[in-house]
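Note sheet for the following structure.
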Amino acid sequence: MDTDLTAAYAQCRELHRRHGRTYYLATRLLPAWKRRHVHALYGFTRYADEIVDRTDDLPPAERAARLDDWAGRFMAGLHGQPTDDPLLPAVLHTIAVFDLDRDDFAAFLKSMAMDLTVGSYRTYPHLLDYMEGSAAVIGTMMLPILGSSAPKAAREPARQLGFAFQLTNFIRDVAEDLDRGRVYLPQEDLARFGVTTEDLTEARARGRATRPIRELIAYEVRRAQAHYAAAAPGITLLAPASQACMRTAYSLYGGILDEVAAQDYDVFARRAVVPQRRRLAVAARALTTPTGTPVTTVPGPPAPRPTAP
């Protein structure tokens, strides 16, 4: 492997280590030769996210121009043009090694561009359209790297796991997203529980959620759990060497829902984080679970089925 490619993989790994603690821990359970490719995909998605979310001091038009420029260099690289970008050689190499679907990457970049102009989503189907590009395609990008005995059957569970992970993030990060001018929880869900965006903003300022907001969050937790349940059968369809990794990621992301419930669904009181001791215990348990063992437990608590006031 040439020096530039080695450096690109190293940069992707560092982005993953620094920003994706949960998934990075799970990735360490993969065979070494697979890890770098997972780091490459994470680095690609994280760098695009950094352009969108870490340049708040720039006008939207300039942020869009930066994303377009980087996406253009990526697409040129897909067509064989040389790139001097320090990160792109790794993801281009990974795409070539596994013949990953180029349309998945185009869909991802489209969703990233939406974050520059769209601040809310009216219904859950509208949010799913966004998540198709920002989350579901990451599941399908990962599938050839993880390997599967039945790739066609594993595809939909992989998509569902992408939805589950991202909705978990949206639930946990309501306060942070508000700071960026975004509300990912559907507006129809807010209305169902008598919550407005202004109510969320006030709760953010107080550091405490109201009862209707907590009921809204409990509702979204139940919705996320449905995605985890749909994703669970896919784990045993993965290559044996990849199952411990995804069992760990499944349990740790789902564990965030446990933490949300433990603070009475008040996502403004503190950021829900799975304790390090539990993280290590989950990884150890996944390593000792025989391959092919079905995943029968949906992460998160048996959340009450809330009703609109």
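Within each chain, counting starts at residue 1; across the structure tokens, chains are named A, B, ... in the order shown, with ligands numbered 1 upward in that order.
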Return as a tab-separated table the residues of region 145-212 of chain A lying at most 12 Å from region 14-34 of chain A, together with the closest atom-to-atom pair for each and the distance in Å to one decimal, counting only C-alpha atoms, with rows in chain order and ascending residue number.
```
residue	atom	partner	partner_atom	distance
A:Ile145	CA	A:Lys34	CA	6.7
A:Leu146	CA	A:Lys34	CA	7.6
A:Gly147	CA	A:Lys34	CA	9.9
A:Phe165	CA	A:Tyr23	CA	10.3
A:Asn169	CA	A:Thr22	CA	11.7
```
- [ ] Go through A:Gln160, A:Thr293, A:Thr236, A:Thr168 one by one, measure the shortest atom-to-atom distance of each to Asp258 (chain A) using only C-alpha atoms, and give the residue with the smallest value.
- [x] A:Thr168
Task: Secondary structure check, alpha helix (DSSP H) residues of region 232-298 of chain A, as a PyMOL selection string - done: chain A and resi 240-262+276-288
- [ ] For Arg271 (chain A), please output as a list in words all residues within 12 Å (counting only C-alpha atoms; exclusion window: fewer than 6 positions along the same chain).
- [x]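 Contacts, in chain order: Asn169, Phe170, Ile171, Arg172, Asp173, Val174, Ala175, Glu176, Arg204, Gly207, Arg208, Ile256, Leu257, Glu259, Val260, Ala261, Ala262, Gln263 and Tyr265 of chain A.
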Task: Contact residues around Ala281 (chain A) with only C-alpha atoms at 12 Å, ignoring same-chain residues under 5 positions, as a PyMOL selection string - done: chain A and resi 25-26+248+251-252+274-276+286-288
Open item on the list: My list of candidates is A:Ala10, A:Leu190, A:Leu237, A:Leu100. Which is closest to Tyr219 (chain A) when distances are computed with only C-alpha atoms?
Closed with: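 Selected residue with least distance to Tyr219 (chain A): A:Leu190.
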TODO: Find the residues near Leu87 (chain A): any atom within 9 Å, counting only C-alpha atoms, skip ones fewer than 4 places away on the same chain, and give them as a PyMOL selection string.
DONE: chain A and resi 5+7-12+40+43-44+47+91
- [ ] Using CA of Asp85 (chain A) and CA of Ala48 (chain A) as the two end points, give the distance in Å to one decimal.
- [x]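 Distance between the two atoms: 13.0 Å.
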Open item on the list: Neighbouring residues of Gly139 (chain A) were defined as those with any atom within 12 Å, considering only C-alpha atoms; residues of the same chain fewer than 6 positions away were excluded. Please report them as a PyMOL selection string.
Closed with: chain A and resi 38+41-42+100-101+104-105+108+131-133+145-147+151+154-166+231+234-235+246
Open item on the list: Between CA of Thr123 (chain A) and CA of Glu220 (chain A), what is the distance in Å, rounded to a tenth?
Closed with: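 Distance between the two atoms: 12.7 Å.
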Open item on the list: Residues within 9 Å of region 179-183 of chain A, please, as a PyMOL selection string. Count only C-alpha atoms; anything in the same chain fewer than 6 positions from it doesn't count.
Closed with: chain A and resi 53+56+115+118-121+170+197+201
Create the file for the chosen residues now, containing all heavy atoms and written as an mmCIF file, in the first residue's frame.
```
data_model
loop_
_atom_site.group_PDB
_atom_site.id
_atom_site.type_symbol
_atom_site.label_atom_id
_atom_site.label_comp_id
_atom_site.auth_asym_id
_atom_site.auth_seq_id
_atom_site.Cartn_x
_atom_site.Cartn_y
_atom_site.Cartn_z
ATOM 1 N N ASP A 53 -21.705 20.699 9.576
ATOM 2 C CA ASP A 53 -22.040 21.080 10.949
ATOM 3 C C ASP A 53 -20.952 21.838 11.700
ATOM 4 O O ASP A 53 -21.237 22.437 12.737
ATOM 5 C CB ASP A 53 -22.399 19.833 11.766
ATOM 6 C CG ASP A 53 -23.769 19.288 11.419
ATOM 7 O OD1 ASP A 53 -24.564 20.046 10.830
ATOM 8 O OD2 ASP A 53 -24.039 18.120 11.729
ATOM 9 N N ASP A 56 -20.423 26.530 11.162
ATOM 10 C CA ASP A 56 -21.600 27.357 11.415
ATOM 11 C C ASP A 56 -21.331 28.849 11.259
ATOM 12 O O ASP A 56 -22.264 29.640 11.098
ATOM 13 C CB ASP A 56 -22.143 27.098 12.833
ATOM 14 C CG ASP A 56 -22.732 25.698 12.960
ATOM 15 O OD1 ASP A 56 -23.035 25.093 11.926
ATOM 16 O OD2 ASP A 56 -22.867 25.220 14.096
ATOM 17 N N ASP A 115 -29.191 19.036 4.944
ATOM 18 C CA ASP A 115 -28.984 19.635 6.259
ATOM 19 C C ASP A 115 -28.654 21.125 6.181
ATOM 20 O O ASP A 115 -28.748 21.841 7.183
ATOM 21 C CB ASP A 115 -27.863 18.899 7.003
ATOM 22 C CG ASP A 115 -28.362 17.664 7.722
ATOM 23 O OD1 ASP A 115 -29.564 17.595 8.033
ATOM 24 O OD2 ASP A 115 -27.551 16.752 7.967
ATOM 25 N N VAL A 118 -32.755 22.324 5.164
ATOM 26 C CA VAL A 118 -33.967 21.786 5.794
ATOM 27 C C VAL A 118 -33.761 21.728 7.297
ATOM 28 O O VAL A 118 -32.819 21.094 7.780
ATOM 29 C CB VAL A 118 -34.296 20.374 5.249
ATOM 30 C CG1 VAL A 118 -35.560 19.832 5.917
ATOM 31 C CG2 VAL A 118 -34.453 20.418 3.731
ATOM 32 N N GLY A 119 -34.662 22.389 8.043
ATOM 33 C CA GLY A 119 -34.529 22.439 9.492
ATOM 34 C C GLY A 119 -35.501 21.565 10.244
ATOM 35 O O GLY A 119 -35.354 21.362 11.453
ATOM 36 N N SER A 120 -36.510 21.029 9.552
ATOM 37 C CA SER A 120 -37.492 20.180 10.222
ATOM 38 C C SER A 120 -38.194 19.312 9.187
ATOM 39 O O SER A 120 -38.107 19.567 7.975
ATOM 40 C CB SER A 120 -38.520 21.023 10.989
ATOM 41 O OG SER A 120 -39.288 21.822 10.094
ATOM 42 N N TYR A 121 -38.898 18.299 9.687
ATOM 43 C CA TYR A 121 -39.588 17.341 8.821
ATOM 44 C C TYR A 121 -41.023 17.191 9.324
ATOM 45 O O TYR A 121 -41.248 16.966 10.511
ATOM 46 C CB TYR A 121 -38.851 16.000 8.819
ATOM 47 C CG TYR A 121 -37.480 16.124 8.203
ATOM 48 C CD1 TYR A 121 -36.384 16.533 8.978
ATOM 49 C CD2 TYR A 121 -37.293 15.919 6.854
ATOM 50 C CE1 TYR A 121 -35.139 16.706 8.407
ATOM 51 C CE2 TYR A 121 -36.042 16.091 6.271
ATOM 52 C CZ TYR A 121 -34.966 16.485 7.055
ATOM 53 O OH TYR A 121 -33.733 16.676 6.487
ATOM 54 N N PHE A 170 -30.859 10.972 17.066
ATOM 55 C CA PHE A 170 -31.783 12.112 17.048
ATOM 56 C C PHE A 170 -32.462 12.285 18.410
ATOM 57 O O PHE A 170 -32.682 13.406 18.868
ATOM 58 C CB PHE A 170 -32.844 11.926 15.962
ATOM 59 C CG PHE A 170 -32.340 12.064 14.554
ATOM 60 C CD1 PHE A 170 -33.069 11.557 13.490
ATOM 61 C CD2 PHE A 170 -31.142 12.714 14.278
ATOM 62 C CE1 PHE A 170 -32.627 11.696 12.190
ATOM 63 C CE2 PHE A 170 -30.682 12.845 12.968
ATOM 64 C CZ PHE A 170 -31.434 12.337 11.923
ATOM 65 N N THR A 197 -41.820 23.712 18.748
ATOM 66 C CA THR A 197 -40.376 23.934 18.705
ATOM 67 C C THR A 197 -39.956 24.914 19.787
ATOM 68 O O THR A 197 -38.885 24.784 20.392
ATOM 69 C CB THR A 197 -39.958 24.447 17.311
ATOM 70 O OG1 THR A 197 -40.314 23.466 16.324
ATOM 71 C CG2 THR A 197 -38.461 24.697 17.248
ATOM 72 N N THR A 201 -37.100 24.637 22.721
ATOM 73 C CA THR A 201 -36.083 25.666 22.949
ATOM 74 C C THR A 201 -36.082 26.126 24.401
ATOM 75 O O THR A 201 -35.018 26.313 25.016
ATOM 76 C CB THR A 201 -36.316 26.859 22.014
ATOM 77 O OG1 THR A 201 -36.292 26.408 20.649
ATOM 78 C CG2 THR A 201 -35.254 27.924 22.202
#
```
Open item on the list: For a quick check of understanding, using only C-alpha atoms, which of A:Gly254, A:Pro240, A:Pro89, A:Pro233 has the smallest distance to Leu167 (chain A)?
Closed with: A:Gly254
- [ ] Using only C-alpha atoms, find the one residue out of A:His93, A:Arg278, A:Arg270, A:Lys110 that sits nearest to Gly255 (chain A).
- [x]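 When distances to Gly255 (chain A) are compared using only C-alpha atoms, the smallest one comes from A:Arg278.
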